[in-house]
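> Enclosed is the structure file entry.txt (compact mmCIF, C-alpha atoms and all ligand atoms).
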# COMPACT_ATOMS: atom_id res chain seq x y z
CA MET A 1 30.18 -3.61 -17.14
CA ILE A 2 28.27 -6.80 -16.45
CA ALA A 3 30.66 -9.62 -15.60
CA ALA A 4 29.24 -13.07 -16.22
CA ASP A 5 31.41 -15.24 -14.01
CA ASN A 6 34.09 -15.00 -11.34
CA THR A 7 36.27 -12.58 -13.22
CA TYR A 8 36.07 -8.95 -14.21
CA THR A 9 35.22 -8.33 -17.83
CA ASN A 10 38.97 -8.08 -18.56
CA GLY A 11 39.50 -11.61 -17.21
CA VAL A 12 41.20 -10.57 -13.94
CA ALA A 13 40.06 -12.69 -10.96
CA LEU A 14 37.55 -11.10 -8.56
CA PRO A 15 39.04 -9.75 -5.31
CA PRO A 16 38.24 -11.24 -1.89
CA GLY A 17 35.51 -9.52 0.14
CA ASP A 18 38.07 -8.18 2.62
CA SER A 19 40.37 -6.69 -0.01
CA PRO A 20 41.61 -3.19 0.95
CA GLU A 21 40.93 -2.22 -2.68
CA LEU A 22 37.15 -2.40 -2.24
CA ILE A 23 35.24 0.84 -1.70
CA LEU A 24 31.60 1.82 -1.35
CA VAL A 25 30.69 4.72 -3.63
CA PRO A 26 27.53 6.42 -4.93
CA ALA A 27 26.66 4.99 -8.35
CA THR A 28 26.74 7.14 -11.48
CA PRO A 29 23.34 7.37 -13.28
CA ALA A 30 24.44 4.61 -15.71
CA GLU A 31 25.66 2.41 -12.84
CA LYS A 32 22.38 2.96 -11.03
CA ILE A 33 20.50 1.53 -14.03
CA GLU A 34 22.98 -1.34 -14.23
CA ALA A 35 22.44 -2.12 -10.53
CA LEU A 36 18.68 -2.18 -11.16
CA LYS A 37 19.13 -4.51 -14.12
CA LEU A 38 21.15 -6.85 -11.92
CA ASN A 39 18.72 -6.84 -9.00
CA SER A 40 15.67 -7.11 -11.26
CA ILE A 41 16.12 -10.89 -11.06
CA ALA A 42 15.20 -10.72 -7.39
CA TRP A 43 12.55 -8.01 -7.40
CA LYS A 44 10.86 -7.54 -10.76
CA GLY A 45 8.16 -10.07 -9.92
CA ARG A 46 5.57 -10.07 -12.67
CA LEU A 47 7.09 -7.03 -14.44
CA ASP A 48 9.58 -7.35 -17.28
CA THR A 49 13.02 -5.86 -16.63
CA GLU A 50 12.37 -2.65 -18.55
CA THR A 51 9.07 -2.05 -16.73
CA TYR A 52 10.71 -2.84 -13.39
CA ILE A 53 13.40 -0.21 -14.04
CA ALA A 54 10.68 2.25 -15.07
CA ARG A 55 8.85 1.49 -11.81
CA GLU A 56 11.95 2.08 -9.73
CA ASN A 57 12.65 5.35 -11.54
CA HIS A 58 9.03 6.38 -10.98
CA LEU A 59 9.34 5.61 -7.27
CA HIS A 60 12.65 7.45 -7.07
CA SER A 61 10.93 10.56 -8.43
CA GLN A 62 8.32 10.59 -5.63
CA GLN A 63 8.34 13.46 -3.15
CA LEU A 64 9.32 11.17 -0.25
CA VAL A 65 12.69 10.25 -1.70
CA LYS A 66 13.41 12.31 -4.81
CA ASP A 67 16.05 14.58 -3.29
CA ASP A 68 17.35 12.16 -0.71
CA LEU A 69 18.06 8.88 -2.41
CA THR A 70 21.54 7.42 -2.92
CA SER A 71 22.28 4.34 -4.96
CA TRP A 72 25.47 2.72 -3.55
CA ILE A 73 27.81 0.23 -5.19
CA LEU A 74 30.75 -1.77 -3.86
CA VAL A 75 33.56 -1.67 -6.40
CA ASP A 76 37.30 -2.15 -6.79
CA ARG A 77 38.98 1.28 -6.59
CA SER A 78 41.47 0.33 -9.31
CA GLU A 79 38.75 -0.02 -11.96
CA PRO A 80 38.02 3.21 -13.86
CA GLU A 81 34.61 4.88 -13.40
CA GLY A 82 32.30 3.78 -16.20
CA GLU A 83 33.97 0.38 -16.40
CA ARG A 84 33.87 -0.80 -12.83
CA THR A 85 32.18 -4.09 -11.91
CA ILE A 86 29.36 -3.85 -9.38
CA LEU A 87 30.20 -6.35 -6.66
CA SER A 88 27.22 -5.52 -4.45
CA SER A 89 24.67 -2.70 -4.25
CA CYS A 90 22.02 -1.03 -2.09
CA GLU A 91 20.05 2.20 -1.73
CA THR A 92 19.64 4.64 1.12
CA TYR A 93 16.82 7.14 1.60
CA LYS A 94 17.03 10.03 4.04
CA LYS A 95 13.85 10.24 6.10
CA LYS A 96 12.31 12.56 8.64
CA ALA A 97 11.91 11.11 12.08
CA TRP A 98 11.05 12.05 15.65
CA LEU A 99 13.09 11.49 18.77
CA ALA A 100 11.29 11.76 22.12
CA HIS A 101 13.34 11.92 25.28
CA ASN A 102 12.72 13.35 28.76
CA GLY A 103 9.52 15.13 27.74
CA ARG A 104 10.90 16.70 24.55
CA VAL A 105 10.37 15.76 20.90
CA GLU A 106 13.08 16.61 18.39
CA ASP A 107 12.81 16.50 14.59
CA VAL A 108 15.72 14.40 13.38
CA SER A 109 16.83 12.79 10.13
CA THR A 110 17.61 9.17 9.56
CA HIS A 111 18.33 6.84 6.66
CA GLY A 112 16.32 3.87 5.47
CA ILE A 113 18.34 1.21 3.65
CA GLY A 114 16.89 -0.99 0.94
CA SER A 115 17.59 -3.15 -2.11
CA VAL A 116 20.68 -4.86 -0.64
CA TYR A 117 21.87 -7.08 -3.46
CA CYS A 118 24.67 -9.26 -4.82
CA ARG A 119 24.30 -11.04 -8.17
CA PRO A 120 24.06 -14.87 -7.86
CA GLN A 121 27.47 -15.51 -9.50
CA PHE A 122 29.28 -13.36 -6.91
CA ARG A 123 27.51 -14.63 -3.77
CA GLY A 124 29.28 -16.13 -0.78
CA LYS A 125 32.46 -14.09 -1.35
CA GLY A 126 31.72 -11.58 1.42
CA TYR A 127 30.70 -8.66 -0.84
CA ALA A 128 27.35 -7.94 0.83
CA LYS A 129 29.00 -8.18 4.23
CA ARG A 130 31.74 -5.80 3.20
CA MET A 131 29.17 -3.40 1.77
CA MET A 132 27.20 -3.34 5.03
CA GLU A 133 30.40 -2.85 7.00
CA GLU A 134 31.37 0.12 4.80
CA LEU A 135 27.83 1.48 4.90
CA SER A 136 27.74 1.33 8.70
CA LYS A 137 30.76 3.68 8.71
CA LYS A 138 29.27 6.10 6.18
CA VAL A 139 25.52 6.22 6.44
CA ASP A 140 25.09 8.20 9.66
CA THR A 141 26.95 11.25 8.40
CA TRP A 142 25.84 10.90 4.77
CA ASN A 143 23.96 13.91 3.43
CA MET A 144 23.63 15.40 6.94
CA GLU A 145 25.51 18.67 6.37
CA SER A 146 22.34 20.77 6.57
CA GLU A 147 21.05 19.08 9.74
CA SER A 148 21.47 20.33 13.28
CA ARG A 149 22.80 16.89 14.20
CA LYS A 150 25.56 16.13 11.71
CA LYS A 151 25.40 12.45 12.63
CA ALA A 152 22.13 10.51 12.54
CA LEU A 153 21.21 8.83 15.82
CA PHE A 154 19.94 5.76 14.00
CA SER A 155 19.16 4.14 10.65
CA ILE A 156 16.66 1.43 9.70
CA LEU A 157 16.15 -1.41 7.26
CA TYR A 158 13.72 -4.29 6.74
CA SER A 159 15.55 -7.60 6.43
CA ASP A 160 14.16 -10.34 4.19
CA ILE A 161 16.96 -12.70 5.21
CA GLY A 162 16.19 -13.20 8.88
CA LYS A 163 17.53 -11.65 12.05
CA ASN A 164 21.25 -12.44 12.04
CA PHE A 165 22.88 -11.07 8.89
CA TYR A 166 22.29 -7.36 9.52
CA ALA A 167 22.58 -7.64 13.31
CA GLN A 168 26.33 -8.31 12.96
CA PHE A 169 26.71 -4.75 11.60
CA GLY A 170 24.48 -3.18 14.26
CA TRP A 171 21.01 -3.32 12.63
CA LYS A 172 19.21 -5.19 15.41
CA PRO A 173 15.80 -6.84 14.94
CA PHE A 174 12.79 -5.07 16.50
CA LEU A 175 9.20 -6.23 16.96
CA SER A 176 8.06 -7.67 13.62
CA SER A 177 4.59 -9.11 14.08
CA HIS A 178 1.44 -8.97 12.01
CA PHE A 179 -2.06 -10.24 11.50
CA ALA A 180 -3.03 -11.71 8.13
CA LEU A 181 -6.78 -11.85 7.50
CA PRO A 182 -8.38 -13.60 4.52
CA PRO A 183 -10.32 -11.69 1.86
CA VAL A 184 -14.10 -11.68 2.22
CA ALA A 185 -16.62 -11.62 -0.64
CA GLU A 186 -19.34 -8.97 -0.56
CA GLU A 187 -22.13 -11.53 -0.23
CA HIS A 188 -20.32 -13.42 2.56
CA ASN A 189 -22.55 -14.13 5.54
CA VAL A 190 -20.61 -14.18 8.74
CA SER A 191 -21.59 -17.16 10.82
CA ASN A 192 -21.04 -15.54 14.21
CA GLY A 193 -23.32 -12.66 13.21
CA VAL A 194 -20.74 -10.15 14.36
CA GLU A 195 -21.40 -7.89 11.38
CA ALA A 196 -24.71 -6.89 12.91
CA THR A 197 -22.79 -5.06 15.66
CA MET A 198 -20.45 -3.27 13.28
CA PRO A 199 -20.97 0.39 12.41
CA GLN A 200 -21.06 1.60 8.80
CA VAL A 201 -17.63 2.74 7.73
CA LYS A 202 -16.60 5.24 5.10
CA THR A 203 -14.29 4.30 2.25
CA LEU A 204 -11.51 6.88 2.09
CA THR A 205 -10.05 8.50 -1.02
CA ALA A 206 -6.46 9.77 -1.01
CA GLU A 207 -7.72 13.20 -0.03
CA ASP A 208 -9.83 11.72 2.80
CA VAL A 209 -6.75 9.91 4.06
CA ARG A 210 -4.75 13.12 3.93
CA THR A 211 -7.26 14.92 6.13
CA ARG A 212 -8.11 12.02 8.46
CA VAL A 213 -4.89 10.02 8.83
CA CYS A 214 -2.06 12.50 8.48
CA ASN A 215 -3.23 16.09 8.79
CA LYS A 216 -1.20 18.52 10.89
CA GLN A 217 -3.33 18.10 14.02
CA ILE A 218 -3.08 14.31 13.91
CA LEU A 219 0.69 14.45 13.47
CA ALA A 220 0.86 16.95 16.35
CA LYS A 221 -1.19 14.57 18.51
CA GLU A 222 1.11 11.66 17.70
CA ARG A 223 4.10 13.75 18.63
CA GLU A 224 2.43 14.75 21.87
CA SER A 225 1.74 11.07 22.70
CA LEU A 226 5.42 10.32 22.16
CA ARG A 227 6.40 13.26 24.34
CA LEU A 228 4.12 12.12 27.17
CA ALA A 229 5.40 8.55 26.87
CA SER A 230 8.98 9.81 27.07
CA MET A 231 8.25 11.33 30.47
CA LYS A 232 7.22 7.95 31.86
CA THR A 233 10.33 5.94 30.96
CA PRO A 234 13.93 7.03 30.40
CA THR A 235 14.37 4.97 27.19
CA PRO A 236 14.33 7.32 24.19
CA LYS A 237 11.58 6.76 21.65
CA ILE A 238 11.87 7.18 17.91
CA ALA A 239 9.34 7.09 15.08
CA ILE A 240 9.62 7.59 11.34
CA ALA A 241 7.45 10.69 10.77
CA PRO A 242 4.15 9.21 9.53
CA ASP A 243 3.59 11.90 6.91
CA TYR A 244 1.46 11.92 3.79
CA ASN A 245 4.49 11.52 1.51
CA HIS A 246 5.01 8.01 2.84
CA LEU A 247 1.49 7.02 1.84
CA ARG A 248 1.86 8.65 -1.58
CA TRP A 249 5.00 6.62 -2.19
CA HIS A 250 3.14 3.37 -1.45
CA TRP A 251 0.25 4.43 -3.68
CA ALA A 252 2.61 5.36 -6.53
CA ARG A 253 3.89 1.79 -6.29
CA GLU A 254 0.41 0.20 -6.38
CA GLU A 255 -0.79 2.49 -9.17
CA PHE A 256 2.26 1.65 -11.29
CA PHE A 257 1.51 -2.06 -10.80
CA VAL A 258 -2.15 -1.63 -11.76
CA LYS A 259 -1.24 0.31 -14.92
CA SER A 260 1.35 -2.31 -15.94
CA LEU A 261 -0.48 -5.50 -14.99
CA PHE A 262 -4.08 -4.55 -15.76
CA PRO A 263 -4.06 -2.11 -18.68
CA GLY A 264 -7.49 -0.53 -18.97
CA ARG A 265 -8.39 -1.05 -15.30
CA GLU A 266 -8.97 2.18 -13.37
CA ALA A 267 -6.40 2.98 -10.69
CA PRO A 268 -7.86 2.12 -7.28
CA THR A 269 -9.39 5.11 -5.52
CA ALA A 270 -10.20 3.39 -2.21
CA LYS A 271 -7.09 4.16 -0.16
CA GLY A 272 -8.38 3.35 3.30
CA ALA A 273 -11.47 3.29 5.49
CA GLY A 274 -12.69 4.97 8.64
CA ASP A 275 -15.42 5.75 11.11
CA ASP A 276 -15.58 9.49 11.76
CA ALA A 277 -17.90 9.14 14.76
CA ALA A 278 -15.55 6.72 16.52
CA GLY A 279 -12.43 8.58 15.36
CA VAL A 280 -10.81 5.46 13.86
CA HIS A 281 -9.17 5.52 10.41
CA CYS A 282 -6.63 3.62 8.38
CA ALA A 283 -4.72 3.92 5.09
CA TRP A 284 -3.90 0.93 2.92
CA ASN A 285 -2.26 -0.08 -0.35
CA ARG A 286 -2.29 -3.11 -2.59
CA ASN A 287 0.92 -4.99 -3.15
CA PHE A 288 1.18 -7.28 -6.19
CA GLY A 289 3.60 -10.16 -5.61
CA SER A 290 5.43 -12.45 -8.04
CA VAL A 291 2.40 -14.77 -7.98
CA PRO A 292 -1.21 -13.88 -7.08
CA GLU A 293 -0.87 -15.83 -3.79
CA GLU A 294 1.58 -13.15 -2.66
CA ASN A 295 -0.84 -10.27 -3.33
CA THR A 296 -1.39 -8.43 -0.07
CA LEU A 297 -3.53 -5.51 0.98
CA TYR A 298 -1.36 -3.79 3.59
CA ILE A 299 -2.86 -1.52 6.17
CA LEU A 300 -0.06 1.01 6.22
CA ARG A 301 -1.16 3.03 9.19
CA TRP A 302 -3.89 3.14 11.83
CA VAL A 303 -4.95 6.27 13.69
CA TYR A 304 -7.45 6.44 16.50
CA GLU A 305 -8.25 8.38 19.63
CA GLU A 306 -7.33 6.51 22.80
CA PRO A 307 -10.70 5.70 24.42
CA THR A 308 -11.24 7.00 27.93
CA SER A 309 -14.28 4.96 29.05
CA PRO A 310 -15.53 1.37 28.65
CA GLU A 311 -18.22 2.65 26.29
CA GLU A 312 -15.66 4.42 24.11
CA THR A 313 -13.43 1.35 24.16
CA LYS A 314 -16.28 -0.76 22.82
CA GLN A 315 -17.06 1.80 20.11
CA THR A 316 -13.39 1.97 19.06
CA ILE A 317 -13.03 -1.81 18.80
CA GLN A 318 -16.27 -2.13 16.84
CA ALA A 319 -15.12 0.57 14.42
CA MET A 320 -11.76 -1.20 13.97
CA ALA A 321 -13.57 -4.48 13.30
CA ALA A 322 -15.81 -2.82 10.70
CA ILE A 323 -12.79 -1.22 9.01
CA LEU A 324 -11.06 -4.59 8.91
CA ARG A 325 -14.12 -6.13 7.29
CA ARG A 326 -14.11 -3.32 4.73
CA ALA A 327 -10.42 -4.02 4.04
CA GLN A 328 -11.18 -7.75 3.60
CA ARG A 329 -13.81 -6.86 0.98
CA GLU A 330 -11.37 -4.57 -0.82
CA ALA A 331 -8.84 -7.41 -0.79
CA HIS A 332 -11.42 -9.69 -2.38
CA GLU A 333 -12.21 -7.15 -5.08
CA TRP A 334 -8.50 -6.83 -6.01
CA ASP A 335 -7.66 -10.52 -5.83
CA MET A 336 -5.45 -10.06 -2.79
CA SER A 337 -4.67 -13.16 -0.72
CA THR A 338 -4.55 -11.41 2.63
CA VAL A 339 -5.08 -8.20 4.55
CA GLU A 340 -1.98 -7.62 6.63
CA PHE A 341 -1.04 -5.07 9.26
CA TRP A 342 1.98 -4.82 11.47
CA ASN A 343 2.52 -4.71 15.23
CA PRO A 344 -1.12 -4.33 16.26
CA THR A 345 -2.00 -2.54 19.50
CA PRO A 346 -4.05 -4.43 22.14
CA LEU A 347 -7.24 -2.72 20.90
CA LEU A 348 -6.57 -3.87 17.34
CA GLN A 349 -5.93 -7.37 18.64
CA GLN A 350 -9.39 -7.32 20.22
CA ALA A 351 -10.89 -6.12 16.94
CA VAL A 352 -9.26 -9.01 15.06
CA ALA A 353 -10.62 -11.48 17.63
CA MET A 354 -14.07 -10.07 16.90
CA VAL A 355 -13.72 -10.28 13.11
CA ASP A 356 -12.06 -13.68 12.97
CA PRO A 357 -11.29 -15.50 16.23
CA ASN A 358 -9.16 -18.07 14.38
CA VAL A 359 -6.54 -15.61 13.21
CA GLU A 360 -3.35 -15.60 15.27
CA LEU A 361 -0.63 -13.01 15.62
CA VAL A 362 2.39 -13.96 13.47
CA HIS A 363 5.94 -13.18 14.65
CA ARG A 364 7.98 -13.02 11.47
CA GLN A 365 11.37 -14.75 11.55
CA LYS A 366 12.63 -14.11 8.03
CA ASP A 367 10.82 -11.47 5.97
CA SER A 368 10.44 -7.77 6.64
CA ILE A 369 12.26 -7.86 9.96
CA ALA A 370 12.20 -4.25 11.17
CA SER A 371 15.84 -3.57 12.06
CA LEU A 372 17.44 -0.50 13.61
CA ARG A 373 21.02 0.56 14.24
CA TRP A 374 21.24 2.87 17.25
CA ASN A 375 24.13 5.27 17.87
CA GLY A 376 22.39 7.21 20.62
CA ALA A 377 24.69 5.98 23.37
CA GLU A 378 27.56 8.15 22.12
CA SER A 379 25.25 11.20 22.36
CA GLY A 380 24.21 10.35 25.92
CA PHE A 381 20.85 8.75 25.08
CA GLY A 382 21.68 5.34 26.52
CA GLU A 383 22.14 1.94 24.97
CA THR A 384 18.53 1.16 24.04
CA VAL A 385 15.75 2.79 22.08
CA GLU A 386 12.08 2.12 21.57
CA TRP A 387 10.71 2.12 17.99
CA CYS A 388 7.21 3.59 18.04
CA LEU A 389 4.63 3.64 15.20
CA ASN A 390 6.44 0.61 13.79
CA GLU A 391 3.90 0.06 11.01
CA LYS A 392 4.16 -0.78 7.32
CA TYR A 393 4.03 2.86 6.13
CA ALA A 394 7.74 3.26 7.03
CA TRP A 395 8.84 0.25 4.98
CA CYS A 396 11.43 0.94 2.31
C1 LIG B 1 21.58 -11.53 0.65
C2 LIG B 1 22.72 -11.27 -0.32
C3 LIG B 1 22.84 -9.77 -0.57
C4 LIG B 1 24.02 -11.80 0.29
O1 LIG B 1 25.07 -11.52 -0.59
P1 LIG B 1 26.51 -12.24 -0.50
O2 LIG B 1 27.50 -11.35 -1.16
O3 LIG B 1 26.38 -13.63 -0.96
O4 LIG B 1 26.75 -12.27 1.05
P2 LIG B 1 28.15 -12.42 1.75
O5 LIG B 1 29.00 -13.36 0.96
O6 LIG B 1 28.71 -11.09 2.05
O7 LIG B 1 27.73 -13.02 3.12
C5 LIG B 1 27.32 -14.31 3.20
C6 LIG B 1 26.59 -14.45 4.51
O8 LIG B 1 25.27 -13.96 4.35
C7 LIG B 1 24.36 -14.97 4.72
N1 LIG B 1 23.25 -14.99 3.80
C8 LIG B 1 23.29 -14.83 2.48
N2 LIG B 1 22.05 -15.01 1.97
C9 LIG B 1 21.24 -15.26 3.01
C10 LIG B 1 19.85 -15.54 3.13
N3 LIG B 1 19.05 -15.61 2.05
N4 LIG B 1 19.36 -15.74 4.35
C11 LIG B 1 20.15 -15.69 5.45
N5 LIG B 1 21.46 -15.45 5.40
C12 LIG B 1 22.00 -15.24 4.18
C13 LIG B 1 25.11 -16.27 4.57
O9 LIG B 1 24.58 -17.22 5.45
C14 LIG B 1 26.52 -15.90 4.94
O10 LIG B 1 26.68 -15.96 6.33
P3 LIG B 1 28.03 -16.55 6.98
O11 LIG B 1 29.12 -15.66 6.52
O12 LIG B 1 27.77 -16.46 8.44
O13 LIG B 1 28.15 -17.92 6.43
C15 LIG B 1 22.48 -12.01 -1.67
O14 LIG B 1 22.26 -13.37 -1.40
C16 LIG B 1 21.31 -11.49 -2.47
O15 LIG B 1 21.44 -10.54 -3.21
N6 LIG B 1 20.11 -12.12 -2.34
C17 LIG B 1 18.92 -11.73 -3.09
C18 LIG B 1 18.37 -10.39 -2.65
C19 LIG B 1 18.10 -10.31 -1.17
O16 LIG B 1 17.44 -11.15 -0.58
N7 LIG B 1 18.65 -9.24 -0.54
C20 LIG B 1 18.45 -8.99 0.87
C21 LIG B 1 17.25 -8.13 1.06
S1 LIG B 1 16.98 -7.74 2.75
Rewrite the coordinates I just gave you, this time as structure tokens.


Amino acid sequence: MIAADNTYTNGVALPPGDSPELILVPATPAEKIEALKLNSIAWKGRLDTETYIARENHLHSQQLVKDDLTSWILVDRSEPEGERTILSSCETYKKKAWLAHNGRVEDVSTHGIGSVYCRPQFRGKGYAKRMMEELSKKVDTWNMESESRKKALFSILYSDIGKNFYAQFGWKPFLSSHFALPPVAEEHNVSNGVEATMPQVKTLTAEDVRTRVCNKQILAKERESLRLASMKTPTPKIAIAPDYNHLRWHWAREEFFVKSLFPGREAPTAKGAGDDAAGVHCAWNRNFGSVPEENTLYILRWVYEEPTSPEETKQTIQAMAAILRRAQREAHEWDMSTVEFWNPTPLLQQAVAMVDPNVELVHRQKDSIASLRWNGAESGFGETVEWCLNEKYAWC
């Protein structure tokens, strides 16, 4: 039931956030829809509530999450199911991940947490805090019966409310930096003439991305890089498996937006760009914000061969620069305000300097703070962990 003020629908006063009567439970299908209705105020953006709920249901049916999504609600245990008031809510998604340690890579499962919400009338009463406290006790063993490790070594979330709130429950902030490049019109003439040095790049379809960004060999190579890195330092390394399903989830989101916001416009087929000769490729998606100024073309994932000579290094950076320019043009075509990509490697930083020397690396303080809760110490993996491949593809 939707309560409008500080009481339940039957007029009884709301409980305090630390009441022993509060429990965190999976929502029923009807409660899941109700939770979406409530949080639509925060996240529907330019969609109406009904379309927003349809979008969320569409995303929930994607391969990446369809069997592994739980919608959680904080409720008072004394209220009967079907009539209980949602005090706070969130979602968790089980994800495949890699753990590299001492020269070995293990397939593990983790949970991503998203859509943490409390309706405006109930805020400041400690409900979101209580929910996170309850979740921190439950999430690691949730839905892990079929796994070799019955308790996840870690879970992740992306905070939009800074670095402190989630840290108090163990989700600590990790590197959260990005570059934001402006869109570029097709006819734009670059004053520093750098485009003359850029190779031609290929625009990638979804199928091209599948074969060039996340085919089996590329994933095997990434795993091998993690394994080699884990032999150099004792700190364990984790990565969310950068599989094709992640990209498909992001594309389902953009395609739903395009269908809803621009009826009649073809769904975008350009899903990335690459230079086969240099072995550099990326996948992207378009994100439509509440206002056009928030529209962002996100580069979800970069893959490239580590160069082994100065000549190869130059070729790699030039290819990255050309791909960035291609992304800027795509952003222009789709009325995106920026091209953004997360936690760039030193080579990508050099490519950005080539494309636009005025653009500086941003260290986010509030939005999309990559946060991770590590339990590895109790399994003998030590107190700290390194988050590798910390790019936008893993966002949830
Ligand atoms: C964030 C949110 C879930 C907090 O819910 P809540 O029930 O009011 O939170 P609680 O009462 O349990 O906790 C309040 C604490 O959270 C902090 N907090 C709440 N909103 C915050 C924000 N926007 N930025 C930073 N901290 C915030 C408060 O400072 C307070 O801290 P204190 O106890 O140290 O004073 C709620 O404001 C909300 O739904 N916001 C809109 C959606 C959203 O941004 N969700 C988070 C996505 S990552």

> Would you name the residues within 10 Å of ligand LIG 1 (chain B), counting all atoms listed in the file, and put them as number ranges by chain?

A: 16-18, 38-43, 87-90, 113-133, 157-166, 168, 366-369

> What is the atom CA of Ile323 of chain A-atom CA of Arg210 of chain A distance in Å, reported with one decimal?

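Atom CA of Arg210 of chain A lies at a distance of 17.2 Å from atom CA of Ile323 of chain A.
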
> Using all atoms listed in the file, can you tell me which of A:Glu83, A:Ala267, A:Phe169, A:Tyr393 comes closest to Cys214 of chain A?

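Checking each candidate against Cys214 of chain A, we get A:Tyr393 as the closest.
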
> If you count all atoms listed in the file, which residues fall within 6 Å of Ile299 of chain A, apart from same-chain ones fewer than 5 positions away, as an MDAnalysis selection string?

chainID A and resid 283:284 341

> What's the 10 Å shell around Arg55 of chain A, counting only C-alpha atoms, without same-chain residues fewer than 6 positions away, as a PyMOL selection string?

chain A and resi 44+47+49+61+252-253+256-257+260

> Residues at most 10 Å from segment 346-357 of chain A, counting all atoms listed in the file, excluding those fewer than 2 positions away in the same chain, as JSON, numbers by chain?

{"A": [179, 180, 181, 182, 190, 192, 193, 194, 195, 198, 302, 306, 307, 313, 314, 316, 317, 318, 319, 320, 321, 322, 323, 324, 325, 341, 343, 344, 359, 360, 361]}

> From the set A:Ser136, A:Ser109, A:Ser19, A:Gln62, which residue has the shortest atom-to-atom contact distance to Ser78 of chain A, counting all atoms listed in the file?

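With all atoms listed in the file as the atom set, the closest residue is A:Ser19.
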
> Figure out the distance between atom CA of Ile33 of chain A and atom CA of Leu74 of chain A, please, to one decimal in Å.

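The value is 14.8 Å.
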
> Compare A:Ser379, A:Arg46, A:Asn143, A:Val280 by their minimum atom-to-atom distance to Asn295 of chain A, counting all atoms listed in the file, and give me the closest one.

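With all atoms listed in the file as the atom set, the closest residue is A:Arg46.
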
> Go through A:Arg84, A:Arg149, A:Met144, A:Lys94 one by one, measure the shortest atom-to-atom distance of each to Ala241 of chain A using only C-alpha atoms, and give the residue with the smallest value.

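Residue with the minimum atom-to-atom distance to Ala241 of chain A: A:Lys94.
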